[in-house]
Every structure is written in C-alpha cells, then in structure tokens.
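Here is work.cif, consisting of mmCIF, C-alpha atoms and all ligand atoms:
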data_my_file
loop_
_atom_site.label_atom_id
_atom_site.label_comp_id
_atom_site.auth_asym_id
_atom_site.auth_seq_id
_atom_site.Cartn_x
_atom_site.Cartn_y
_atom_site.Cartn_z
CA MET A 1 113.55 117.52 173.33
CA LYS A 2 112.76 115.26 170.42
CA LEU A 3 111.80 111.66 171.04
CA ILE A 4 114.79 110.44 169.06
CA ASP A 5 117.21 112.49 171.19
CA VAL A 6 115.63 111.26 174.41
CA ALA A 7 115.90 107.66 173.21
CA LYS A 8 119.56 108.22 172.29
CA ASP A 9 120.73 110.35 175.23
CA PHE A 10 118.91 108.39 177.92
CA SER A 11 119.34 104.83 176.73
CA THR A 12 120.63 103.54 180.08
CA GLU A 13 119.53 103.84 183.70
CA ASP A 14 122.94 105.36 184.46
CA ALA A 15 122.55 108.12 181.87
CA CYS A 16 119.12 109.02 183.31
CA LEU A 17 120.44 109.05 186.87
CA ALA A 18 123.41 111.20 185.87
CA TYR A 19 121.02 113.68 184.30
CA LEU A 20 118.75 113.77 187.35
CA GLU A 21 121.83 114.36 189.53
CA LYS A 22 122.81 117.38 187.43
CA MET A 23 119.28 118.71 187.65
CA ARG A 24 119.02 118.15 191.39
CA TRP A 25 122.47 119.39 192.36
CA PRO A 26 123.44 121.97 189.71
CA SER A 27 126.36 123.21 191.83
CA GLY A 28 127.66 119.83 192.97
CA LEU A 29 126.49 116.93 195.12
CA ALA A 30 125.38 117.55 198.68
CA CYS A 31 123.90 115.30 201.36
CA LEU A 32 120.10 115.32 201.27
CA LYS A 33 119.87 115.17 205.03
CA CYS A 34 122.51 117.54 206.40
CA GLY A 35 123.58 119.43 203.28
CA SER A 36 127.25 118.54 203.65
CA VAL A 37 129.30 118.39 200.47
CA ARG A 38 131.56 115.71 201.96
CA VAL A 39 129.97 112.88 200.05
CA SER A 40 131.41 109.75 198.52
CA ALA A 41 130.10 107.42 195.85
CA ILE A 42 129.42 103.76 196.61
CA ALA A 43 129.00 101.41 193.69
CA THR A 44 126.29 99.05 194.81
CA LYS A 45 123.98 96.63 193.12
CA ASP A 46 120.41 96.58 194.36
CA LYS A 47 117.96 93.65 194.67
CA ARG A 48 117.47 93.51 190.93
CA SER A 49 121.27 93.56 190.59
CA LYS A 50 121.21 96.91 188.83
CA THR A 51 124.06 99.27 189.47
CA ARG A 52 122.75 102.42 191.17
CA ARG A 53 124.66 105.60 191.71
CA ILE A 54 124.46 105.55 195.49
CA TYR A 55 126.17 108.18 197.64
CA GLN A 56 127.02 108.33 201.30
CA CYS A 57 127.45 111.35 203.49
CA LEU A 58 130.88 111.32 205.16
CA GLU A 59 129.84 113.37 208.21
CA GLN A 60 130.32 111.13 211.28
CA GLU A 61 126.90 111.93 212.80
CA CYS A 62 124.98 111.66 209.50
CA ARG A 63 126.23 108.82 207.23
CA HIS A 64 123.06 109.22 205.16
CA GLN A 65 122.84 107.17 201.95
CA PHE A 66 120.98 108.57 198.96
CA THR A 67 120.61 108.62 195.19
CA ALA A 68 119.30 111.25 192.77
CA THR A 69 115.82 109.76 193.06
CA THR A 70 115.63 109.61 196.89
CA GLY A 71 112.42 111.21 198.11
CA THR A 72 111.10 111.78 194.59
CA ILE A 73 108.33 110.30 192.49
CA PHE A 74 110.94 108.12 190.72
CA HIS A 75 112.17 106.42 193.87
CA ASP A 76 109.70 103.64 194.60
CA THR A 77 108.78 102.99 191.01
CA HIS A 78 109.56 99.63 189.45
CA LEU A 79 109.64 101.26 186.08
CA PRO A 80 113.13 101.86 184.63
CA LEU A 81 114.00 105.54 184.34
CA GLN A 82 114.45 105.15 180.55
CA LYS A 83 110.72 104.38 180.29
CA TRP A 84 109.84 107.39 182.44
CA PHE A 85 111.97 109.63 180.20
CA LEU A 86 110.46 108.16 177.03
CA ALA A 87 106.93 108.52 178.39
CA ILE A 88 107.57 112.19 179.19
CA ALA A 89 108.92 112.76 175.67
CA LEU A 90 105.92 110.97 174.11
CA ILE A 91 103.43 113.04 176.11
CA CYS A 92 105.31 116.26 175.35
CA GLU A 93 105.38 115.52 171.64
CA ALA A 94 101.74 114.48 171.24
CA LYS A 95 99.92 117.72 170.40
CA LYS A 96 96.55 116.08 170.95
CA GLY A 97 97.70 113.97 173.87
CA ILE A 98 98.45 110.27 174.02
CA SER A 99 96.20 107.57 175.46
CA ALA A 100 97.27 105.08 178.12
CA ASN A 101 96.74 102.36 175.51
CA GLN A 102 99.19 103.95 173.09
CA LEU A 103 101.69 104.46 175.89
CA LYS A 104 101.30 100.82 176.88
CA ARG A 105 102.15 99.71 173.35
CA HIS A 106 105.07 102.10 172.87
CA LEU A 107 106.73 101.20 176.16
CA GLY A 108 105.76 97.53 176.43
CA ILE A 109 104.18 97.93 179.86
CA GLN A 110 100.85 96.96 181.47
CA TYR A 111 97.81 99.19 180.85
CA ARG A 112 97.45 99.98 184.55
CA THR A 113 101.09 101.05 184.76
CA ALA A 114 100.74 103.19 181.63
CA TRP A 115 97.59 104.84 182.95
CA HIS A 116 99.19 105.65 186.31
CA LEU A 117 102.38 106.85 184.61
CA ALA A 118 100.48 109.19 182.28
CA HIS A 119 98.53 110.71 185.15
CA ARG A 120 101.66 111.29 187.21
CA ILE A 121 103.37 113.00 184.30
CA ARG A 122 100.22 115.00 183.56
CA SER A 123 100.07 116.20 187.17
CA ALA A 124 103.58 117.63 186.76
CA MET A 125 102.46 119.71 183.79
CA LEU A 126 101.21 122.59 185.84
CA ASP A 127 101.54 126.27 185.01
CA GLY A 128 101.46 129.23 187.36
CA THR A 129 98.27 131.15 188.06
CA ASN A 130 99.39 134.75 187.55
CA PRO A 131 96.53 136.86 186.20
CA LEU A 132 96.50 137.24 182.41
CA THR A 133 96.98 140.72 181.03
CA GLY A 134 97.42 142.71 177.80
CA LYS A 135 94.95 141.51 175.17
CA VAL A 136 92.97 138.54 176.45
CA GLU A 137 90.58 136.32 174.49
CA VAL A 138 87.84 134.47 176.36
CA ASP A 139 85.55 131.72 175.13
CA GLU A 140 83.64 128.78 176.55
CA THR A 141 83.10 125.24 175.39
CA TYR A 142 80.98 122.31 176.51
CA ILE A 143 82.59 118.98 177.13
CA GLY A 144 80.67 115.79 177.71
CA ALA A 145 79.64 112.51 176.13
CA LYS A 146 77.09 112.85 173.37
CA VAL A 147 74.12 110.50 173.47
CA PRO A 148 72.88 109.45 170.00
CA ARG A 149 69.34 110.76 169.38
CA ARG A 150 67.80 107.38 168.78
CA HIS A 151 68.97 106.29 172.22
CA GLY A 152 67.18 109.07 173.98
CA PRO A 153 67.52 112.79 174.20
CA ARG A 154 70.87 114.39 173.47
CA LYS A 155 72.76 115.37 176.55
CA SER A 156 71.74 118.94 177.12
CA ARG A 157 74.21 121.74 177.59
CA LYS A 158 73.21 121.86 181.22
CA GLU A 159 74.52 118.35 181.80
CA LYS A 160 77.85 118.96 180.13
CA ASP A 161 80.93 120.40 181.75
CA VAL A 162 81.70 123.97 180.86
CA VAL A 163 85.33 124.85 180.26
CA ILE A 164 86.30 128.50 180.13
CA GLY A 165 89.32 129.23 177.95
CA MET A 166 91.32 132.41 178.43
CA VAL A 167 94.42 133.33 176.50
CA GLU A 168 96.74 136.29 176.69
CA ARG A 169 97.83 137.10 173.15
CA GLY A 170 101.54 136.35 172.92
CA GLY A 171 101.27 134.87 176.43
CA LYS A 172 99.70 132.04 178.30
CA LEU A 173 96.58 129.97 177.85
CA ARG A 174 94.42 128.91 180.78
CA PHE A 175 91.48 126.53 181.03
CA VAL A 176 89.13 126.57 184.03
CA ILE A 177 86.16 124.27 184.66
CA ALA A 178 82.97 126.18 185.51
CA ALA A 179 79.87 124.79 187.19
CA ASN A 180 77.77 126.27 184.36
CA ALA A 181 77.79 129.20 181.94
CA LYS A 182 75.86 131.53 184.21
CA ARG A 183 77.10 134.87 185.46
CA ALA A 184 77.46 133.64 189.07
CA SER A 185 80.03 131.01 188.04
CA LEU A 186 81.68 132.92 185.21
CA GLN A 187 82.32 136.27 186.86
CA PRO A 188 84.52 134.99 189.73
CA ILE A 189 86.55 132.87 187.29
CA LEU A 190 87.21 135.82 184.98
CA GLU A 191 88.06 138.12 187.88
CA ALA A 192 90.45 135.58 189.42
CA ASN A 193 92.31 134.92 186.18
CA ILE A 194 92.42 138.27 184.39
CA SER A 195 94.37 141.24 185.69
CA ARG A 196 92.49 144.49 186.35
CA ALA A 197 95.23 146.14 184.28
CA VAL A 198 94.16 144.18 181.19
CA GLN A 199 94.04 146.24 178.00
CA THR A 200 91.14 144.56 176.17
CA ILE A 201 89.04 141.41 176.60
CA TYR A 202 87.70 139.83 173.41
CA THR A 203 84.72 137.46 173.40
CA ASP A 204 82.07 136.24 170.99
CA GLU A 205 78.49 137.51 171.17
CA HIS A 206 77.40 135.15 173.98
CA PRO A 207 75.06 137.35 176.07
CA ILE A 208 76.64 136.32 179.37
CA TYR A 209 79.94 138.18 178.84
CA PRO A 210 78.72 141.78 179.08
CA TRP A 211 77.13 140.83 182.41
CA ALA A 212 80.08 138.90 183.75
CA LEU A 213 82.59 141.59 182.78
CA MET A 214 80.68 144.79 183.54
CA GLN A 215 81.76 145.14 187.15
CA GLU A 216 85.56 144.86 187.00
CA PHE A 217 86.31 145.31 183.32
CA LYS A 218 83.94 148.06 182.26
CA GLY A 219 84.89 149.66 178.93
CA LYS A 220 87.53 147.01 178.18
CA HIS A 221 85.30 144.44 176.51
CA LYS A 222 85.07 143.96 172.73
CA THR A 223 82.71 141.53 171.03
CA ILE A 224 82.98 139.77 167.71
CA CYS A 225 79.70 138.69 166.17
CA HIS A 226 80.46 135.31 164.60
CA LYS A 227 77.34 135.37 162.46
CA ALA A 228 78.78 138.35 160.63
CA SER A 229 82.50 137.63 160.61
CA TYR A 230 85.30 135.63 162.22
CA GLY A 231 87.20 138.73 163.04
CA ILE A 232 87.48 142.39 162.30
CA GLY A 233 91.05 143.65 162.63
CA ASP A 234 92.19 142.96 166.14
CA THR A 235 88.79 141.88 167.33
CA HIS A 236 88.65 138.10 167.18
CA THR A 237 88.84 135.03 169.39
CA ASN A 238 90.86 132.85 167.00
CA THR A 239 93.66 132.00 169.43
CA VAL A 240 91.41 130.61 172.12
CA GLU A 241 89.27 128.82 169.52
CA ASN A 242 92.37 127.11 168.11
CA ALA A 243 93.28 125.94 171.60
CA PHE A 244 89.77 124.60 172.12
CA SER A 245 89.79 122.74 168.81
CA LEU A 246 93.10 121.05 169.73
CA LEU A 247 91.69 120.15 173.14
CA LYS A 248 88.51 118.74 171.66
CA ARG A 249 90.33 116.70 169.04
CA GLY A 250 92.44 115.30 171.86
CA LEU A 251 89.56 114.54 174.17
CA ILE A 252 87.46 112.95 171.45
CA GLY A 253 90.14 111.40 169.24
CA THR A 254 92.74 110.31 171.74
CA PHE A 255 91.04 109.78 175.06
CA HIS A 256 87.49 109.07 173.77
CA LYS A 257 86.00 110.08 177.05
CA VAL A 258 87.48 111.65 180.10
CA SER A 259 85.79 111.38 183.45
CA ILE A 260 85.14 114.68 185.15
CA LYS A 261 87.36 113.75 188.09
CA HIS A 262 90.40 113.65 185.79
CA LEU A 263 89.34 116.47 183.43
CA SER A 264 91.31 119.17 185.22
CA ARG A 265 94.55 117.21 184.81
CA TYR A 266 93.94 116.80 181.06
CA LEU A 267 93.24 120.52 180.83
CA HIS A 268 96.52 121.31 182.57
CA GLU A 269 98.38 118.99 180.22
CA PHE A 270 96.97 120.80 177.16
CA GLU A 271 97.65 124.21 178.65
CA PHE A 272 101.22 123.33 179.56
CA ARG A 273 101.96 121.97 176.07
CA PHE A 274 100.19 124.84 174.30
CA ASN A 275 102.14 127.38 176.36
CA ARG A 276 105.45 125.86 175.25
CA ARG A 277 104.48 124.92 171.72
CA ASP A 278 107.59 126.49 170.22
CA GLU A 279 109.91 125.30 172.98
CA GLN A 280 110.12 121.50 172.77
CA GLU A 281 113.24 121.35 174.91
CA MET A 282 111.78 123.49 177.70
CA LEU A 283 108.62 121.44 177.66
CA PHE A 284 110.52 118.23 178.35
CA LEU A 285 112.88 119.74 180.92
CA GLU A 286 110.20 121.57 182.87
CA THR A 287 108.03 118.46 183.06
CA LEU A 288 111.00 116.43 184.26
CA ARG A 289 111.97 119.09 186.79
CA ASN A 290 108.41 119.31 188.15
CA LEU A 291 108.33 115.52 188.51
CA LEU A 292 111.62 115.58 190.38
CA CYS A 293 110.38 118.27 192.80
CA GLY A 294 106.73 117.33 192.93
CA LYS A 295 104.62 115.28 195.27
CA LYS A 296 104.01 111.60 194.72
CA LEU A 297 100.65 110.71 193.28
CA ALA A 298 99.57 107.25 194.43
CA TYR A 299 97.47 104.98 192.26
CA LYS A 300 95.00 104.69 195.15
CA THR A 301 94.64 108.46 195.42
CA LEU A 302 94.01 108.72 191.68
CA THR A 303 91.32 106.07 191.57
CA ALA A 304 89.63 107.29 194.75
CA GLU A 305 89.54 110.99 193.87
CA ALA A 306 86.09 112.52 193.95
ZN ZN B 401 124.67 114.14 205.72
#
Once more with this new file: its structure as structure tokens, please.
Amino acid sequence: MKLIDVAKDFSTEDACLAYLEKMRWPSGLACLKCGSVRVSAIATKDKRSKTRRIYQCLEQECRHQFTATTGTIFHDTHLPLQKWFLAIALICEAKKGISANQLKRHLGIQYRTAWHLAHRIRSAMLDGTNPLTGKVEVDETYIGAKVPRRHGPRKSRKEKDVVIGMVERGGKLRFVIAANAKRASLQPILEANISRAVQTIYTDEHPIYPWALMQEFKGKHKTICHKASYGIGDTHTNTVENAFSLLKRGLIGTFHKVSIKHLSRYLHEFEFRFNRRDEQEMLFLETLRNLLCGKKLAYKTLTAEA
C-alpha cells in the first residue's frame, strides 16, 4: 500500500480499528474468550476520552469485554493506531530502510518511541525458513564499522560479521549471520537453507565454496570468476549481489551502524521487503497481520538482548 493511501484510508483511530477487526475476524465478530458469536457493541470512551470500538460477549457465564487490539502488540501502546499504520507504510516503502530519527521526524514522536516502534515492526517482518531450491545464488559479505587507517589498523575481516546471502532465482532471498567464513560455519548454514533437490548453486570463486558444498551438493556447483567476467550466460551471482548492495547502502547510509545484537532483525527487514518488492500491498498487509498475531516485544527485552 502506498503511503498516501495509508494516510487517507487510515486517518482516524476508528478506521484503523475497523480494519484490524476485519483482519482479525474475517468471518464476523466472535468473543475472544469463549468464541461465541453473540456479541454486542458498547460505545465507550476510555481514560483519554477516545471512543473505542468495545464489544461484550452476551453469554451469561462469559461477559468478556474486548476490542480488536486486545491481547495484541497494539493494545498497551500509547501511540495512536494511525501512527502505527503510517510507520509500517514508511518502513515498507523505504527500500534502504528508515532510521529511527527519520521516523521520529515524520511522525512527531520521541526518538525512544520511534526506535522501539521500528524494532517492533521489523520483528514482524519475518519470512518462512523453507529450504531454497531451483537455481540458487550464494555470496558472502562482511559487515562492520571501518576504522580509518590513521586511527589504527583497519578492522580486519576476522573482526567483522559475515553475512551469507542466498537467493532462489525467481524466489526468495535469505540472509544468515555466520561466525566466520570458514567451512565449519558455512557448510551447516548452506545445508540448512538449501534443498538437496536444488538444481544448481552459483557462487563466485571464493575457495571456501567447493569445500562447503562438496558433501551434499556434489556436481551442482557452478563458479563465476569475477576477475574474468561478471557472468557467463546463466552463471552469475548478480541477484544476490544486488541484494547485498541494497543492504549495505541501507546499513551505511540509513542506519550508520547497527549493533550486532540487532543485526538479524535488520537482515529480516531487508529480506522481507526484497521478497515482496513488486507487491507493495502484500508487504503492508503481511507486516500488519504479523504484528496483529505476533508476540509483544518489550523495550526492556530489546535493550537487554545479548
Ligand atoms: Zn465470551
């Protein structure tokens, strides 16, 4: 969904709630506690004198009161739903990601709120982990802060985080953080994420790949030598390299630096967006749906994560 449509269609709390209701109860309202469809609406104003669409179960022994946000990530938030919806649209639309600072300015909220909001939305951008198949490109990249030479030695590759990118041509992209680029870390990652039925695996000439792939993917590996050419016919790693360049521009240009404890969430965000790059509407709806069904992610948990 485009930002402009989100701003127009969800300009009031009521419109957002009505939408969440439709998403949560596609075949009609039902009590969240006992499942009864004998439910009536109560127009009530809450502490902040906002009208909420509150419902009550009419079963004598239940009488449960609920709204579309009960038990969801949206329930205890002080943030109006319009701002949640706009934040989701902004994150979905930003190909290279959006920083908490930008979000703060766009939505007129505190930095801390924007940061927490972005991480909660990011954590809902999670794809499945089915093994990739067909034609799969694999590449690795190193992510970490660079230290200017005059201020000491450049951070060596060993100290940086290795991200393995795998993409099924015409299918999904997946990023996985590896401890290093050695066979012992690479091989289990490739075997866990690529189907044994894969047709071909394409990599560059990095000497680790023949070793890491020889056991499970013997005879299915093709290499492109980048010194000679960027691709010969079908043999190239352009798709995964494009994904990496988008990721790097995001990490460097938008977020400046990302601490390793949050890196996996940023990777998921990029994957999720990349995998729906031609489906703006799905991207927004799936993120919203995952937020509605997902677990809460407390600020304390986020800042304490190891
Ligand atoms: Zn009930």
**Report entry** Counting all atoms listed in the file, the option among A:Gly165, A:Thr129, A:Lys300, A:Ile232 closest to Asn193 of chain A
**Finding:**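 The answer is A:Thr129, which sits nearest to Asn193 of chain A.
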Query raised in the report: In terms of the shortest atom-to-atom distance over all atoms listed in the file, which of A:Leu107, A:Ala7, A:Val39, A:Ala100 is closest to ligand ZN 401 (chain B)?
Result: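 Comparing A:Leu107, A:Ala7, A:Val39, A:Ala100 against ligand ZN 401 (chain B), the winner is A:Val39.
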**Report entry** Site check for ligand ZN 401 (chain B): residues at most 7 Å away, only C-alpha atoms and all ligand atoms, as a ChimeraX atom specification
**Finding:** /A:31-36,57-59,62-64
Query raised in the report: Closest to Asn238 of chain A among A:Leu190, A:Leu263, A:Val198, A:Ile224, using all atoms listed in the file?
Result: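 For Asn238 of chain A, the nearest of the candidates is A:Ile224.
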Using all atoms listed in the file, what table do you get, as JSON lines, when you list each residue of segment 92-192 of chain A with an atom no more than 12 Å from segment 202-206 of chain A, its nearest pair of atoms, and their distance in Å rounded to one decimal, rows by chain then rising number?
{"residue": "A:Gly134", "atom": "CA", "partner": "A:Tyr202", "partner_atom": "CA", "distance": 11.0}
{"residue": "A:Lys135", "atom": "CA", "partner": "A:Tyr202", "partner_atom": "CA", "distance": 7.6}
{"residue": "A:Val136", "atom": "CA", "partner": "A:Tyr202", "partner_atom": "CA", "distance": 6.2}
{"residue": "A:Glu137", "atom": "CA", "partner": "A:Tyr202", "partner_atom": "CA", "distance": 4.7}
{"residue": "A:Val138", "atom": "CA", "partner": "A:Thr203", "partner_atom": "CA", "distance": 5.2}
{"residue": "A:Asp139", "atom": "CA", "partner": "A:Thr203", "partner_atom": "CA", "distance": 6.1}
{"residue": "A:Glu140", "atom": "CA", "partner": "A:His206", "partner_atom": "CA", "distance": 9.3}
{"residue": "A:Thr141", "atom": "CA", "partner": "A:His206", "partner_atom": "CA", "distance": 11.5}
{"residue": "A:Ile164", "atom": "CA", "partner": "A:Thr203", "partner_atom": "CA", "distance": 11.3}
{"residue": "A:Gly165", "atom": "CA", "partner": "A:Thr203", "partner_atom": "CA", "distance": 10.5}
{"residue": "A:Met166", "atom": "CA", "partner": "A:Tyr202", "partner_atom": "CA", "distance": 9.7}
{"residue": "A:Val167", "atom": "CA", "partner": "A:Tyr202", "partner_atom": "CA", "distance": 9.8}
{"residue": "A:Glu168", "atom": "CA", "partner": "A:Tyr202", "partner_atom": "CA", "distance": 10.2}
{"residue": "A:Arg169", "atom": "CA", "partner": "A:Tyr202", "partner_atom": "CA", "distance": 10.5}
{"residue": "A:Ala181", "atom": "CA", "partner": "A:His206", "partner_atom": "CA", "distance": 9.9}
{"residue": "A:Lys182", "atom": "CA", "partner": "A:His206", "partner_atom": "CA", "distance": 11.0}
{"residue": "A:Arg183", "atom": "CA", "partner": "A:His206", "partner_atom": "CA", "distance": 11.5}
{"residue": "A:Leu190", "atom": "CA", "partner": "A:Thr203", "partner_atom": "CA", "distance": 12.0}
For the selection you just gave me, I'd like the residues written to a file as a short mmCIF file (atom, residue, chain, number, x, y, z; two decimals), in the frame of the given file, keeping C-alpha atoms.
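Output contents, as saved in part.cif:
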data_model
loop_
_atom_site.label_atom_id
_atom_site.label_comp_id
_atom_site.auth_asym_id
_atom_site.auth_seq_id
_atom_site.Cartn_x
_atom_site.Cartn_y
_atom_site.Cartn_z
CA GLY A 134 97.42 142.71 177.80
CA LYS A 135 94.95 141.51 175.17
CA VAL A 136 92.97 138.54 176.45
CA GLU A 137 90.58 136.32 174.49
CA VAL A 138 87.84 134.47 176.36
CA ASP A 139 85.55 131.72 175.13
CA GLU A 140 83.64 128.78 176.55
CA THR A 141 83.10 125.24 175.39
CA ILE A 164 86.30 128.50 180.13
CA GLY A 165 89.32 129.23 177.95
CA MET A 166 91.32 132.41 178.43
CA VAL A 167 94.42 133.33 176.50
CA GLU A 168 96.74 136.29 176.69
CA ARG A 169 97.83 137.10 173.15
CA ALA A 181 77.79 129.20 181.94
CA LYS A 182 75.86 131.53 184.21
CA ARG A 183 77.10 134.87 185.46
CA LEU A 190 87.21 135.82 184.98
#
Requested in this report: Would you be able to write out as a PyMOL selection string which residues have an atom within 12 Å of (93.4, 117.3, 169.2) in the file's coordinates, counting only C-alpha atoms?
Outcome: chain A and resi 94-99+242-256+266+270+273-274
Report task. Just give me the gap between atom CA of Asp161 of chain A and atom CA of Ile143 of chain A in Å, one decimal is fine. Result -> 5.1 Å
Requested in this report: Could you give me, as a list in words, the residues within 6 Å of segment 279-290 of chain A, counting only C-alpha atoms and dropping anything in the same chain fewer than 5 positions from it?
Outcome: Met1, Ala124 and Met125 of chain A
Requested in this report: Provide the atom CA of Arg276 of chain A to atom CA of Ala89 of chain A distance in Å, to one decimal place.
Outcome: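 Atom-to-atom, atom CA of Arg276 of chain A to atom CA of Ala89 of chain A, that is 13.6 Å.
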Requested in this report: Enter the distance from atom CA of Pro210 of chain A to atom CA of Leu186 of chain A, in Å, rounded to one decimal.
Outcome: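 If I compute the distance from atom CA of Pro210 of chain A to atom CA of Leu186 of chain A, I get 11.2 Å.
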